[in-house]
Amino acid sequence: MSETFGERAQALDTADELGKHREKFALDATVYLDGNSLGALPAHVPARMADVIAREWGELRIRSWDESGWWTAPERVGDRIAPLVGAAEGQIVVGDSTSVNVFKAVVAGTRLAGEGRDEILVDATTFPTDGYIAQSAARLTGHRIVPLDPADIPGAAGDRTALALVNHVDYRTGRLQDLPAVTAALHAAGALAVWDLCHSAGALPVGLDAHGVDLAVGCTYKYLNGGPGAPAFLYVAERHQGRFDSPLPGWNSHADPFGMTPGYRAAEGALRGRVGTPDILSMSALEAALDVWDGVRIEDVRAKSLALTDFFLECVRAYAPEGRVVSVTPGAHAERGSQVALRCAEAPAVMAELIRRGVVGDLRRPDILRFGFTPLYVGFADAERAARVLAEVLRDVPAAAA
């Protein structure tokens with residue numbers, strides 16, 4: 001059976017058009033299935049960073065804000081991310097962390113929503129920082145938080161709802177939420193849709209413009225391979241930009257930042273989402289990393305992602321000892337992101353041993369083994385090997401007592 005799945009994996013990899021992009025990354029013999037936490041290093045980024053440090057910083061120094069394009073990097077890099085999430089140019093600005101951008105989006109969203117709307121709906125299964133930030137934003141703005149299962153948000157939205165903050169893909173289970181339907185339901189209630197795209201940007205089509213999303217945030221160090229601590233992005237739909245009132249009106253978002261006036265006057269467009277001086281080293285690494293997306297269609301990435309996760313789940317069912325792992329990731333393609341989460345009573349010990357044997361996923365306590373499939377550099381042979389090694393580890397790690 002192992003040979004049969006191995007042969008299938010080899011055939012699938014041979015036919016895979018996206019497989020040619022694997023050579024763009026600095027990889028080793030490890031099966032790396034944690035790109036949904038930190039993407040792999042694109043092979044050309046170190047040389048680019050050496051140039052930024054030695055020439056742009058070392059030689060040009062202050063001149064690089066103009067001559068090397070440092071000053072315009074937040075919007076320029078944003079325009080490169082835009083097609084990957086289905087946005088036209090001029091609506092995404094890059095800078096700060098996801099947490100900071102969530103704060104900007106939620107507070108600005110309540111201001112856009114207007115008077116009389118005093119509740120913020122939040123995804124009850126959200127990544128913790130979104131919940132923490134939303135609660136703080138609610139205290140500051142006088143709103144109340146209503147935590148809900150994402151499936152219940154459309155029915156709960158009403159005339160008191162200012163906005164809903166929802167994760168497009170659940171970070172633990174890999175469940176993909178119905179962004180078009182949830183957004184439409186919120187709009188029907190007169191509310192705004194704010195989406196966290198951390199686990200979908202670069203993994204699947206999002207369609208921000210097509211589906212009328214109001215505001216969105218996302219990180220760039222996962223599927224976009226921007227590197228540890230890479231700056232996040234903020235999407236402000238063009239129709240809202242004139243009224244986007246940032247709670248962090250830093251000098252970088254001033255209409256005349258070098259005028260150094262005591263009064264604040266917001267810049268036009270998505271630049272209103274800027275705050276302070278951009279982190280040029282991280283921004284430069286991200287900008288270079290985005291080169292790997294040249295000529296790549298996100299629809300093709302999605303197709304391979306689904307094929308990879310289907311194949312991995314099939315291998316796990318065939319290889320793993322019965323009853324030791326159970327998938328909590330939806331089987332339906334329309335409900336699945338680009339990861340597989342397996343519930344396993346012995347998850348901490350199993351993941352530690354998997355990593356020791358060269359298969360890197362990650363653990364979500366107390367009992368979730370999480371495997372991220374990044375189609376630009378993960379192949380079907382990787383999926384088969386990961387499932388095979390997982391089965392070996394499960395046989396070697398004693399089952400927990402019932």
# chains A, B, ... in the order shown; residues from 1 in each chain; ligands from 1
call {"tool": "select_by_dssp", "arguments": {"residues": "segment 28-139 of chain A", "states": "helix (DSSP H, G or I)", "output": "compact mmCIF listing (two decimals) with all heavy atoms, in the first residue's frame"}}
result
# COMPACT_ATOMS: atom_id res chain seq x y z
N VAL A 45 15.99 35.93 -1.31
CA VAL A 45 15.83 37.01 -0.33
C VAL A 45 17.13 37.38 0.38
O VAL A 45 17.39 38.57 0.59
CB VAL A 45 14.71 36.65 0.68
CG1 VAL A 45 14.70 37.63 1.86
CG2 VAL A 45 13.35 36.68 -0.03
N PRO A 46 18.00 36.43 0.78
CA PRO A 46 19.23 36.84 1.44
C PRO A 46 20.08 37.81 0.63
O PRO A 46 20.63 38.78 1.18
CB PRO A 46 19.96 35.51 1.68
CG PRO A 46 18.85 34.51 1.82
CD PRO A 46 17.83 34.95 0.82
N ALA A 47 20.18 37.59 -0.68
CA ALA A 47 20.97 38.51 -1.52
C ALA A 47 20.33 39.88 -1.57
O ALA A 47 21.02 40.92 -1.54
CB ALA A 47 21.13 37.93 -2.92
N ARG A 48 19.00 39.91 -1.65
CA ARG A 48 18.31 41.19 -1.66
C ARG A 48 18.53 41.94 -0.34
O ARG A 48 18.78 43.14 -0.33
CB ARG A 48 16.81 40.96 -1.90
CG ARG A 48 15.93 42.19 -1.70
CD ARG A 48 16.29 43.33 -2.63
NE ARG A 48 15.46 44.51 -2.38
CZ ARG A 48 15.90 45.75 -2.43
NH1 ARG A 48 17.18 46.00 -2.74
NH2 ARG A 48 15.10 46.77 -2.19
N MET A 49 18.47 41.21 0.78
CA MET A 49 18.66 41.86 2.07
C MET A 49 20.09 42.36 2.23
O MET A 49 20.33 43.41 2.84
CB MET A 49 18.30 40.89 3.19
CG MET A 49 16.82 40.56 3.27
SD MET A 49 15.79 42.04 3.34
CE MET A 49 16.30 42.73 4.90
N ALA A 50 21.04 41.62 1.68
CA ALA A 50 22.44 42.07 1.75
C ALA A 50 22.60 43.40 1.02
O ALA A 50 23.34 44.29 1.47
CB ALA A 50 23.35 41.01 1.14
N ASP A 51 21.89 43.56 -0.10
CA ASP A 51 21.96 44.81 -0.85
C ASP A 51 21.29 45.94 -0.08
O ASP A 51 21.81 47.07 -0.05
CB ASP A 51 21.31 44.63 -2.22
CG ASP A 51 21.40 45.89 -3.07
OD1 ASP A 51 22.52 46.30 -3.41
OD2 ASP A 51 20.33 46.47 -3.37
N VAL A 52 20.14 45.65 0.52
CA VAL A 52 19.45 46.67 1.30
C VAL A 52 20.34 47.16 2.44
O VAL A 52 20.46 48.38 2.68
CB VAL A 52 18.12 46.13 1.87
CG1 VAL A 52 17.49 47.12 2.86
CG2 VAL A 52 17.14 45.84 0.74
N ILE A 53 20.99 46.22 3.11
CA ILE A 53 21.82 46.60 4.26
C ILE A 53 23.12 47.28 3.82
O ILE A 53 23.47 48.36 4.33
CB ILE A 53 22.12 45.36 5.12
CG1 ILE A 53 20.82 44.86 5.77
CG2 ILE A 53 23.17 45.67 6.18
CD1 ILE A 53 20.94 43.51 6.43
N ALA A 54 23.82 46.68 2.87
CA ALA A 54 25.14 47.20 2.51
C ALA A 54 25.08 48.45 1.65
O ALA A 54 25.86 49.39 1.85
CB ALA A 54 25.94 46.12 1.80
N ARG A 55 24.18 48.46 0.67
CA ARG A 55 24.16 49.60 -0.27
C ARG A 55 23.12 50.65 0.13
O ARG A 55 23.46 51.83 0.32
CB ARG A 55 23.88 49.10 -1.69
CG ARG A 55 23.93 50.22 -2.75
CD ARG A 55 23.63 49.67 -4.14
NE ARG A 55 22.30 49.08 -4.22
CZ ARG A 55 21.18 49.78 -4.45
NH1 ARG A 55 21.25 51.09 -4.62
NH2 ARG A 55 20.02 49.17 -4.52
N GLU A 56 21.85 50.21 0.26
CA GLU A 56 20.80 51.19 0.52
C GLU A 56 20.97 51.87 1.87
O GLU A 56 20.84 53.09 1.99
CB GLU A 56 19.43 50.54 0.40
CG GLU A 56 19.10 50.05 -1.01
CD GLU A 56 17.70 49.49 -1.15
OE1 GLU A 56 16.94 49.52 -0.16
OE2 GLU A 56 17.36 49.01 -2.25
N TRP A 57 21.26 51.06 2.89
CA TRP A 57 21.49 51.63 4.22
C TRP A 57 22.95 52.06 4.39
O TRP A 57 23.25 53.17 4.81
CB TRP A 57 21.08 50.61 5.27
CG TRP A 57 21.26 51.03 6.70
CD1 TRP A 57 21.48 52.30 7.18
CD2 TRP A 57 21.24 50.17 7.84
NE1 TRP A 57 21.60 52.27 8.55
CE2 TRP A 57 21.45 50.98 8.99
CE3 TRP A 57 21.06 48.80 8.01
CZ2 TRP A 57 21.49 50.45 10.28
CZ3 TRP A 57 21.08 48.27 9.30
CH2 TRP A 57 21.30 49.09 10.41
N GLY A 58 23.87 51.17 4.02
CA GLY A 58 25.28 51.44 4.28
C GLY A 58 25.87 52.57 3.47
O GLY A 58 26.71 53.33 3.97
N GLU A 59 25.47 52.68 2.18
CA GLU A 59 26.05 53.70 1.31
C GLU A 59 25.12 54.90 1.11
O GLU A 59 25.53 56.05 1.30
CB GLU A 59 26.40 53.08 -0.04
CG GLU A 59 27.48 51.99 0.03
CD GLU A 59 27.73 51.35 -1.32
OE1 GLU A 59 27.30 51.92 -2.35
OE2 GLU A 59 28.37 50.28 -1.35
N LEU A 60 23.88 54.63 0.72
CA LEU A 60 22.97 55.74 0.44
C LEU A 60 22.42 56.38 1.71
O LEU A 60 22.09 57.57 1.72
CB LEU A 60 21.81 55.25 -0.43
CG LEU A 60 22.17 54.77 -1.83
CD1 LEU A 60 20.94 54.27 -2.57
CD2 LEU A 60 22.84 55.88 -2.63
N ARG A 61 22.27 55.56 2.74
CA ARG A 61 21.78 56.04 4.02
C ARG A 61 20.46 56.80 3.86
O ARG A 61 19.51 56.28 3.32
CB ARG A 61 22.87 56.88 4.73
CG ARG A 61 24.08 56.03 5.15
CD ARG A 61 25.14 56.84 5.84
NE ARG A 61 25.87 57.72 4.93
CZ ARG A 61 26.95 57.34 4.25
NH1 ARG A 61 27.43 56.12 4.35
NH2 ARG A 61 27.55 58.20 3.45
N ILE A 62 20.37 58.02 4.34
CA ILE A 62 19.11 58.76 4.37
C ILE A 62 18.53 58.97 2.97
O ILE A 62 17.32 59.10 2.79
CB ILE A 62 19.29 60.13 5.09
CG1 ILE A 62 17.93 60.72 5.49
CG2 ILE A 62 20.09 61.10 4.22
CD1 ILE A 62 17.26 59.98 6.61
N ARG A 63 19.41 58.97 1.95
CA ARG A 63 18.94 59.17 0.58
C ARG A 63 18.01 58.05 0.13
O ARG A 63 17.21 58.23 -0.80
CB ARG A 63 20.14 59.26 -0.37
CG ARG A 63 20.99 60.50 -0.18
CD ARG A 63 22.37 60.34 -0.80
NE ARG A 63 22.30 59.91 -2.20
CZ ARG A 63 23.34 59.44 -2.89
NH1 ARG A 63 24.53 59.34 -2.29
NH2 ARG A 63 23.21 59.08 -4.14
N SER A 64 18.08 56.88 0.79
CA SER A 64 17.28 55.74 0.35
C SER A 64 15.78 55.94 0.56
O SER A 64 14.97 55.27 -0.08
CB SER A 64 17.73 54.46 1.05
OG SER A 64 18.83 53.88 0.36
N TRP A 65 15.41 56.86 1.45
CA TRP A 65 13.97 57.10 1.58
C TRP A 65 13.37 57.56 0.25
O TRP A 65 12.24 57.19 -0.08
CB TRP A 65 13.72 58.16 2.68
CG TRP A 65 13.92 57.60 4.04
CD1 TRP A 65 14.96 57.82 4.88
CD2 TRP A 65 13.05 56.69 4.73
NE1 TRP A 65 14.80 57.11 6.04
CE2 TRP A 65 13.63 56.41 5.98
CE3 TRP A 65 11.82 56.09 4.41
CZ2 TRP A 65 13.05 55.55 6.92
CZ3 TRP A 65 11.24 55.24 5.33
CH2 TRP A 65 11.84 54.96 6.57
N ASP A 66 14.14 58.29 -0.53
CA ASP A 66 13.69 58.67 -1.87
C ASP A 66 14.27 57.75 -2.94
O ASP A 66 13.53 57.15 -3.73
CB ASP A 66 14.12 60.12 -2.17
CG ASP A 66 13.35 61.13 -1.35
OD1 ASP A 66 12.15 60.92 -1.12
OD2 ASP A 66 13.96 62.14 -0.94
N GLU A 67 15.60 57.62 -2.98
CA GLU A 67 16.25 56.95 -4.10
C GLU A 67 16.01 55.44 -4.12
O GLU A 67 16.02 54.83 -5.19
CB GLU A 67 17.76 57.24 -4.06
CG GLU A 67 18.08 58.72 -4.29
CD GLU A 67 19.56 59.01 -4.23
OE1 GLU A 67 20.36 58.11 -4.57
OE2 GLU A 67 19.94 60.14 -3.83
N ALA A 73 7.14 52.38 0.17
CA ALA A 73 7.05 50.92 0.27
C ALA A 73 5.72 50.42 0.82
O ALA A 73 5.18 49.43 0.31
CB ALA A 73 8.21 50.38 1.11
N PRO A 74 5.11 51.03 1.84
CA PRO A 74 3.87 50.47 2.38
C PRO A 74 2.75 50.33 1.36
O PRO A 74 2.05 49.31 1.33
CB PRO A 74 3.49 51.46 3.48
CG PRO A 74 4.81 52.00 3.95
CD PRO A 74 5.62 52.14 2.69
N GLU A 75 2.59 51.33 0.50
CA GLU A 75 1.53 51.20 -0.51
C GLU A 75 2.00 50.39 -1.72
O GLU A 75 1.19 49.69 -2.35
CB GLU A 75 1.00 52.57 -0.93
CG GLU A 75 2.03 53.56 -1.44
CD GLU A 75 2.57 54.47 -0.34
OE1 GLU A 75 2.67 54.03 0.84
OE2 GLU A 75 2.90 55.63 -0.65
N ARG A 76 3.27 50.47 -2.05
CA ARG A 76 3.78 49.70 -3.20
C ARG A 76 3.68 48.19 -2.93
O ARG A 76 3.22 47.43 -3.78
CB ARG A 76 5.23 50.09 -3.47
CG ARG A 76 5.83 49.39 -4.69
CD ARG A 76 7.24 49.87 -4.97
NE ARG A 76 8.22 49.46 -3.96
CZ ARG A 76 8.81 50.29 -3.12
NH1 ARG A 76 8.56 51.58 -3.15
NH2 ARG A 76 9.69 49.84 -2.23
N VAL A 77 4.10 47.79 -1.75
CA VAL A 77 4.01 46.38 -1.39
C VAL A 77 2.54 45.97 -1.25
O VAL A 77 2.14 44.86 -1.61
CB VAL A 77 4.80 46.09 -0.11
CG1 VAL A 77 4.69 44.62 0.28
CG2 VAL A 77 6.28 46.46 -0.31
N GLY A 78 1.72 46.88 -0.75
CA GLY A 78 0.29 46.60 -0.67
C GLY A 78 -0.33 46.31 -2.02
O GLY A 78 -1.16 45.42 -2.17
N ASP A 79 0.10 47.05 -3.03
CA ASP A 79 -0.42 46.82 -4.38
C ASP A 79 0.03 45.47 -4.94
O ASP A 79 -0.63 44.91 -5.81
CB ASP A 79 0.02 47.95 -5.31
CG ASP A 79 -0.78 49.23 -5.11
OD1 ASP A 79 -1.85 49.17 -4.48
OD2 ASP A 79 -0.33 50.30 -5.57
N ARG A 80 1.15 44.95 -4.45
CA ARG A 80 1.59 43.62 -4.90
C ARG A 80 0.78 42.52 -4.22
O ARG A 80 0.57 41.45 -4.80
CB ARG A 80 3.08 43.44 -4.63
CG ARG A 80 3.96 44.37 -5.46
CD ARG A 80 5.41 43.95 -5.43
NE ARG A 80 5.61 42.64 -6.03
CZ ARG A 80 6.80 42.02 -6.07
NH1 ARG A 80 7.85 42.58 -5.50
NH2 ARG A 80 6.91 40.84 -6.64
N ILE A 81 0.35 42.76 -3.00
CA ILE A 81 -0.48 41.78 -2.30
C ILE A 81 -1.91 41.79 -2.83
O ILE A 81 -2.59 40.76 -2.85
CB ILE A 81 -0.47 42.08 -0.78
CG1 ILE A 81 0.93 41.82 -0.21
CG2 ILE A 81 -1.51 41.26 -0.03
CD1 ILE A 81 1.10 42.27 1.23
N ALA A 82 -2.36 42.94 -3.31
CA ALA A 82 -3.75 43.13 -3.70
C ALA A 82 -4.31 42.04 -4.61
O ALA A 82 -5.39 41.49 -4.34
CB ALA A 82 -3.93 44.51 -4.33
N PRO A 83 -3.64 41.67 -5.71
CA PRO A 83 -4.23 40.64 -6.58
C PRO A 83 -4.35 39.27 -5.91
O PRO A 83 -5.20 38.46 -6.31
CB PRO A 83 -3.28 40.59 -7.78
CG PRO A 83 -2.01 41.23 -7.33
CD PRO A 83 -2.41 42.22 -6.29
N LEU A 84 -3.55 39.02 -4.90
CA LEU A 84 -3.62 37.73 -4.21
C LEU A 84 -4.85 37.62 -3.32
O LEU A 84 -5.25 36.52 -2.94
CB LEU A 84 -2.36 37.49 -3.38
CG LEU A 84 -1.05 37.42 -4.18
CD1 LEU A 84 0.14 37.31 -3.24
CD2 LEU A 84 -1.08 36.25 -5.16
N VAL A 85 -5.45 38.76 -2.97
CA VAL A 85 -6.65 38.75 -2.14
C VAL A 85 -7.85 39.36 -2.87
O VAL A 85 -8.88 39.65 -2.26
CB VAL A 85 -6.42 39.46 -0.79
CG1 VAL A 85 -5.45 38.66 0.07
CG2 VAL A 85 -5.93 40.89 -0.98
N THR A 98 -0.40 42.47 12.77
CA THR A 98 -1.81 42.13 12.61
C THR A 98 -2.62 42.71 13.76
O THR A 98 -3.71 43.27 13.55
CB THR A 98 -2.00 40.61 12.56
OG1 THR A 98 -1.22 40.07 11.49
CG2 THR A 98 -3.46 40.24 12.35
N SER A 99 -2.13 42.59 14.97
CA SER A 99 -2.88 43.08 16.13
C SER A 99 -3.16 44.58 16.01
O SER A 99 -4.28 45.04 16.28
CB SER A 99 -2.10 42.80 17.42
OG SER A 99 -1.90 41.42 17.61
N VAL A 100 -2.15 45.35 15.63
CA VAL A 100 -2.34 46.79 15.48
C VAL A 100 -3.34 47.09 14.37
O VAL A 100 -4.21 47.96 14.52
CB VAL A 100 -0.99 47.48 15.20
CG1 VAL A 100 -1.19 48.96 14.85
CG2 VAL A 100 -0.07 47.35 16.41
N ASN A 101 -3.26 46.35 13.29
CA ASN A 101 -4.20 46.58 12.18
C ASN A 101 -5.61 46.16 12.53
O ASN A 101 -6.58 46.77 12.07
CB ASN A 101 -3.71 45.88 10.92
CG ASN A 101 -2.56 46.63 10.26
OD1 ASN A 101 -2.54 47.85 10.26
ND2 ASN A 101 -1.59 45.90 9.73
N VAL A 102 -5.77 45.12 13.34
CA VAL A 102 -7.11 44.76 13.82
C VAL A 102 -7.68 45.91 14.64
O VAL A 102 -8.86 46.28 14.49
CB VAL A 102 -7.06 43.47 14.67
CG1 VAL A 102 -8.39 43.25 15.41
CG2 VAL A 102 -6.77 42.26 13.79
N PHE A 103 -6.86 46.50 15.49
CA PHE A 103 -7.33 47.63 16.29
C PHE A 103 -7.77 48.79 15.40
O PHE A 103 -8.84 49.37 15.60
CB PHE A 103 -6.22 48.09 17.24
CG PHE A 103 -6.60 49.26 18.11
CD1 PHE A 103 -7.46 49.09 19.18
CD2 PHE A 103 -6.11 50.53 17.84
CE1 PHE A 103 -7.82 50.17 19.98
CE2 PHE A 103 -6.46 51.61 18.64
CZ PHE A 103 -7.32 51.43 19.71
N LYS A 104 -6.95 49.14 14.42
CA LYS A 104 -7.33 50.21 13.50
C LYS A 104 -8.66 49.91 12.82
O LYS A 104 -9.55 50.76 12.73
CB LYS A 104 -6.28 50.39 12.40
CG LYS A 104 -4.90 50.83 12.82
CD LYS A 104 -4.01 50.86 11.57
CE LYS A 104 -2.56 50.74 11.88
NZ LYS A 104 -1.73 50.57 10.66
N ALA A 105 -8.79 48.67 12.31
CA ALA A 105 -9.97 48.31 11.54
C ALA A 105 -11.23 48.31 12.40
O ALA A 105 -12.29 48.80 11.97
CB ALA A 105 -9.77 46.94 10.89
N VAL A 106 -11.15 47.76 13.60
CA VAL A 106 -12.34 47.68 14.45
C VAL A 106 -12.78 49.06 14.92
O VAL A 106 -13.97 49.41 14.83
CB VAL A 106 -12.09 46.73 15.64
CG1 VAL A 106 -13.25 46.80 16.63
CG2 VAL A 106 -11.92 45.30 15.16
N VAL A 107 -11.85 49.86 15.41
CA VAL A 107 -12.24 51.19 15.88
C VAL A 107 -12.73 52.05 14.72
O VAL A 107 -13.79 52.70 14.81
CB VAL A 107 -11.08 51.88 16.62
CG1 VAL A 107 -11.47 53.32 16.98
CG2 VAL A 107 -10.72 51.10 17.88
N ALA A 108 -12.00 52.06 13.62
CA ALA A 108 -12.44 52.84 12.46
C ALA A 108 -13.77 52.32 11.94
O ALA A 108 -14.62 53.10 11.48
CB ALA A 108 -11.38 52.80 11.36
N GLY A 109 -13.98 51.00 12.00
CA GLY A 109 -15.24 50.42 11.55
C GLY A 109 -16.42 50.90 12.39
O GLY A 109 -17.50 51.18 11.86
N THR A 110 -16.23 51.00 13.71
CA THR A 110 -17.32 51.50 14.54
C THR A 110 -17.64 52.95 14.20
O THR A 110 -18.81 53.37 14.25
CB THR A 110 -16.98 51.39 16.03
OG1 THR A 110 -15.85 52.21 16.34
CG2 THR A 110 -16.70 49.95 16.43
N ARG A 111 -16.63 53.71 13.83
CA ARG A 111 -16.85 55.11 13.46
C ARG A 111 -17.57 55.21 12.11
O ARG A 111 -18.40 56.10 11.91
CB ARG A 111 -15.53 55.86 13.42
CG ARG A 111 -14.88 55.99 14.80
CD ARG A 111 -13.47 56.54 14.75
NE ARG A 111 -12.92 56.71 16.10
CZ ARG A 111 -11.68 57.10 16.36
NH1 ARG A 111 -10.83 57.37 15.36
NH2 ARG A 111 -11.26 57.22 17.61
N LEU A 112 -17.24 54.30 11.21
CA LEU A 112 -17.94 54.27 9.92
C LEU A 112 -19.40 53.87 10.08
O LEU A 112 -20.27 54.33 9.34
CB LEU A 112 -17.24 53.30 8.97
CG LEU A 112 -15.92 53.74 8.35
CD1 LEU A 112 -15.21 52.56 7.69
CD2 LEU A 112 -16.15 54.85 7.32
N ALA A 113 -19.66 52.98 11.04
CA ALA A 113 -21.01 52.47 11.21
C ALA A 113 -21.98 53.53 11.70
O ALA A 113 -23.18 53.47 11.41
CB ALA A 113 -20.99 51.29 12.19
N PRO A 128 -6.71 34.30 19.40
CA PRO A 128 -6.85 35.11 20.61
C PRO A 128 -6.62 36.60 20.44
O PRO A 128 -7.37 37.41 21.00
CB PRO A 128 -5.82 34.48 21.56
CG PRO A 128 -5.78 33.05 21.15
CD PRO A 128 -5.93 33.07 19.65
N THR A 129 -5.59 37.00 19.68
CA THR A 129 -5.30 38.44 19.61
C THR A 129 -6.49 39.23 19.06
O THR A 129 -6.76 40.35 19.51
CB THR A 129 -4.03 38.71 18.78
OG1 THR A 129 -3.58 40.05 19.04
CG2 THR A 129 -4.27 38.58 17.28
N ASP A 130 -7.24 38.66 18.13
CA ASP A 130 -8.40 39.36 17.58
C ASP A 130 -9.42 39.62 18.68
O ASP A 130 -10.01 40.70 18.77
CB ASP A 130 -9.04 38.55 16.46
CG ASP A 130 -8.21 38.53 15.19
OD1 ASP A 130 -6.98 38.70 15.29
OD2 ASP A 130 -8.78 38.34 14.10
N GLY A 131 -9.64 38.60 19.51
CA GLY A 131 -10.59 38.78 20.61
C GLY A 131 -10.12 39.80 21.63
O GLY A 131 -10.90 40.64 22.08
N TYR A 132 -8.84 39.73 21.99
CA TYR A 132 -8.31 40.69 22.96
C TYR A 132 -8.44 42.13 22.44
O TYR A 132 -8.86 43.04 23.16
CB TYR A 132 -6.83 40.43 23.24
CG TYR A 132 -6.47 39.04 23.70
CD1 TYR A 132 -5.18 38.54 23.48
CD2 TYR A 132 -7.39 38.21 24.35
CE1 TYR A 132 -4.81 37.27 23.90
CE2 TYR A 132 -7.03 36.93 24.76
CZ TYR A 132 -5.75 36.46 24.52
OH TYR A 132 -5.38 35.21 24.92
N ILE A 133 -8.03 42.31 21.19
CA ILE A 133 -8.06 43.65 20.60
C ILE A 133 -9.50 44.15 20.47
O ILE A 133 -9.80 45.32 20.76
CB ILE A 133 -7.36 43.66 19.23
CG1 ILE A 133 -5.86 43.35 19.37
CG2 ILE A 133 -7.57 44.99 18.52
CD1 ILE A 133 -5.07 44.39 20.11
N ALA A 134 -10.40 43.28 20.04
CA ALA A 134 -11.81 43.68 19.89
C ALA A 134 -12.39 44.10 21.23
O ALA A 134 -13.14 45.08 21.32
CB ALA A 134 -12.61 42.55 19.28
N GLN A 135 -12.07 43.36 22.29
CA GLN A 135 -12.57 43.73 23.62
C GLN A 135 -12.05 45.08 24.05
O GLN A 135 -12.80 45.91 24.60
CB GLN A 135 -12.18 42.65 24.62
CG GLN A 135 -12.91 41.33 24.43
CD GLN A 135 -12.30 40.20 25.25
OE1 GLN A 135 -11.49 40.45 26.15
NE2 GLN A 135 -12.67 38.98 24.93
N SER A 136 -10.77 45.34 23.80
CA SER A 136 -10.21 46.64 24.15
C SER A 136 -10.85 47.76 23.33
O SER A 136 -11.20 48.82 23.87
CB SER A 136 -8.70 46.64 23.94
OG SER A 136 -8.14 47.90 24.23
N ALA A 137 -11.02 47.51 22.04
CA ALA A 137 -11.66 48.51 21.17
C ALA A 137 -13.08 48.80 21.64
O ALA A 137 -13.54 49.96 21.62
CB ALA A 137 -11.66 48.02 19.73
N ALA A 138 -13.80 47.76 22.07
CA ALA A 138 -15.16 47.95 22.55
C ALA A 138 -15.19 48.80 23.81
O ALA A 138 -16.04 49.69 23.96
CB ALA A 138 -15.81 46.58 22.80
N ARG A 139 -14.25 48.57 24.72
CA ARG A 139 -14.20 49.38 25.94
C ARG A 139 -13.93 50.85 25.61
O ARG A 139 -14.52 51.76 26.20
CB ARG A 139 -13.12 48.86 26.88
CG ARG A 139 -13.43 47.51 27.51
CD ARG A 139 -12.51 47.22 28.70
NE ARG A 139 -11.09 47.23 28.35
CZ ARG A 139 -10.42 46.17 27.92
NH1 ARG A 139 -11.06 45.00 27.76
NH2 ARG A 139 -9.13 46.24 27.65
call {"tool": "residues_around", "arguments": {"residues": "Gly226 of chain A", "least_positions_apart": "5", "cutoff": "7 Å", "atoms": "only C-alpha atoms", "output": "JSON, numbers by chain"}}
result
{"A": [220, 221, 285, 286, 289]}
call {"tool": "closest_residue", "arguments": {"among": "A:Leu369, A:Val292, A:Val378, A:Val393", "to": "Pro321 of chain A", "atoms": "only C-alpha atoms"}}
result
A:Val393
call {"tool": "residues_around", "arguments": {"residues": "segment 197-203 of chain A", "least_positions_apart": "6", "cutoff": "10 Å", "atoms": "only C-alpha atoms", "output": "PyMOL selection string"}}
result
chain A and resi 36-37+81-86+98+127+166-171+174+176+216-225+232-233+293+298-305+337-339+372-376
call {"tool": "residues_around", "arguments": {"residues": "Glu314 of chain A", "least_positions_apart": "5", "cutoff": "12 Å", "atoms": "only C-alpha atoms", "output": "PDB file with C-alpha atoms, in the first residue's frame"}}
result
ATOM      1  CA  MET A   1       0.000   0.000   0.000  1.00  0.00           C
ATOM      2  CA  SER A   2       2.874   2.338   0.850  1.00  0.00           C
ATOM      3  CA  PHE A   5       0.564   5.751  -2.532  1.00  0.00           C
ATOM      4  CA  ARG A   8       0.622   8.049  -6.959  1.00  0.00           C
ATOM      5  CA  ALA A   9       2.501  10.840  -5.220  1.00  0.00           C
ATOM      6  CA  ALA A 307      -5.665  18.067  -3.971  1.00  0.00           C
ATOM      7  CA  LEU A 308      -2.818  17.969  -1.423  1.00  0.00           C
ATOM      8  CA  THR A 309      -5.081  17.961   1.609  1.00  0.00           C
ATOM      9  CA  TYR A 319      -1.685   4.331   7.180  1.00  0.00           C
ATOM     10  CA  ALA A 320      -2.627   5.442  10.700  1.00  0.00           C
ATOM     11  CA  SER A 327      -9.670  14.927  11.364  1.00  0.00           C
ATOM     12  CA  GLY A 331     -14.039  17.307   4.275  1.00  0.00           C
ATOM     13  CA  VAL A 340      -5.391  19.665   8.073  1.00  0.00           C
ATOM     14  CA  PHE A 380       2.441  15.123  -2.974  1.00  0.00           C
ATOM     15  CA  ALA A 383       2.181  14.615   1.938  1.00  0.00           C
ATOM     16  CA  GLU A 384       2.661  10.856   1.557  1.00  0.00           C
ATOM     17  CA  ALA A 386       4.237  12.919   6.355  1.00  0.00           C
ATOM     18  CA  ALA A 387       1.308  10.507   6.638  1.00  0.00           C
ATOM     19  CA  ARG A 388       3.622   7.485   6.606  1.00  0.00           C
TER      20      ARG A 388
END
call {"tool": "atom_distance", "arguments": {"atom1": "atom CA of Val182 of chain A", "atom2": "atom CA of Asp209 of chain A"}}
result
14.5 Å
call {"tool": "closest_residue", "arguments": {"among": "A:Ser97, A:Gln91, A:Thr141, A:Thr173", "to": "Asp367 of chain A", "atoms": "only C-alpha atoms"}}
result
A:Thr173
call {"tool": "residues_around", "arguments": {"residues": "segment 153-164 of chain A", "least_positions_apart": "5", "cutoff": "9 Å", "atoms": "only C-alpha atoms", "output": "PyMOL selection string"}}
result
chain A and resi 106+109-123+143+148+181-186+188-195
call {"tool": "closest_residue", "arguments": {"among": "A:Gly250, A:Arg22, A:Leu38, A:Thr329", "to": "Thr277 of chain A", "atoms": "only C-alpha atoms"}}
result
A:Gly250
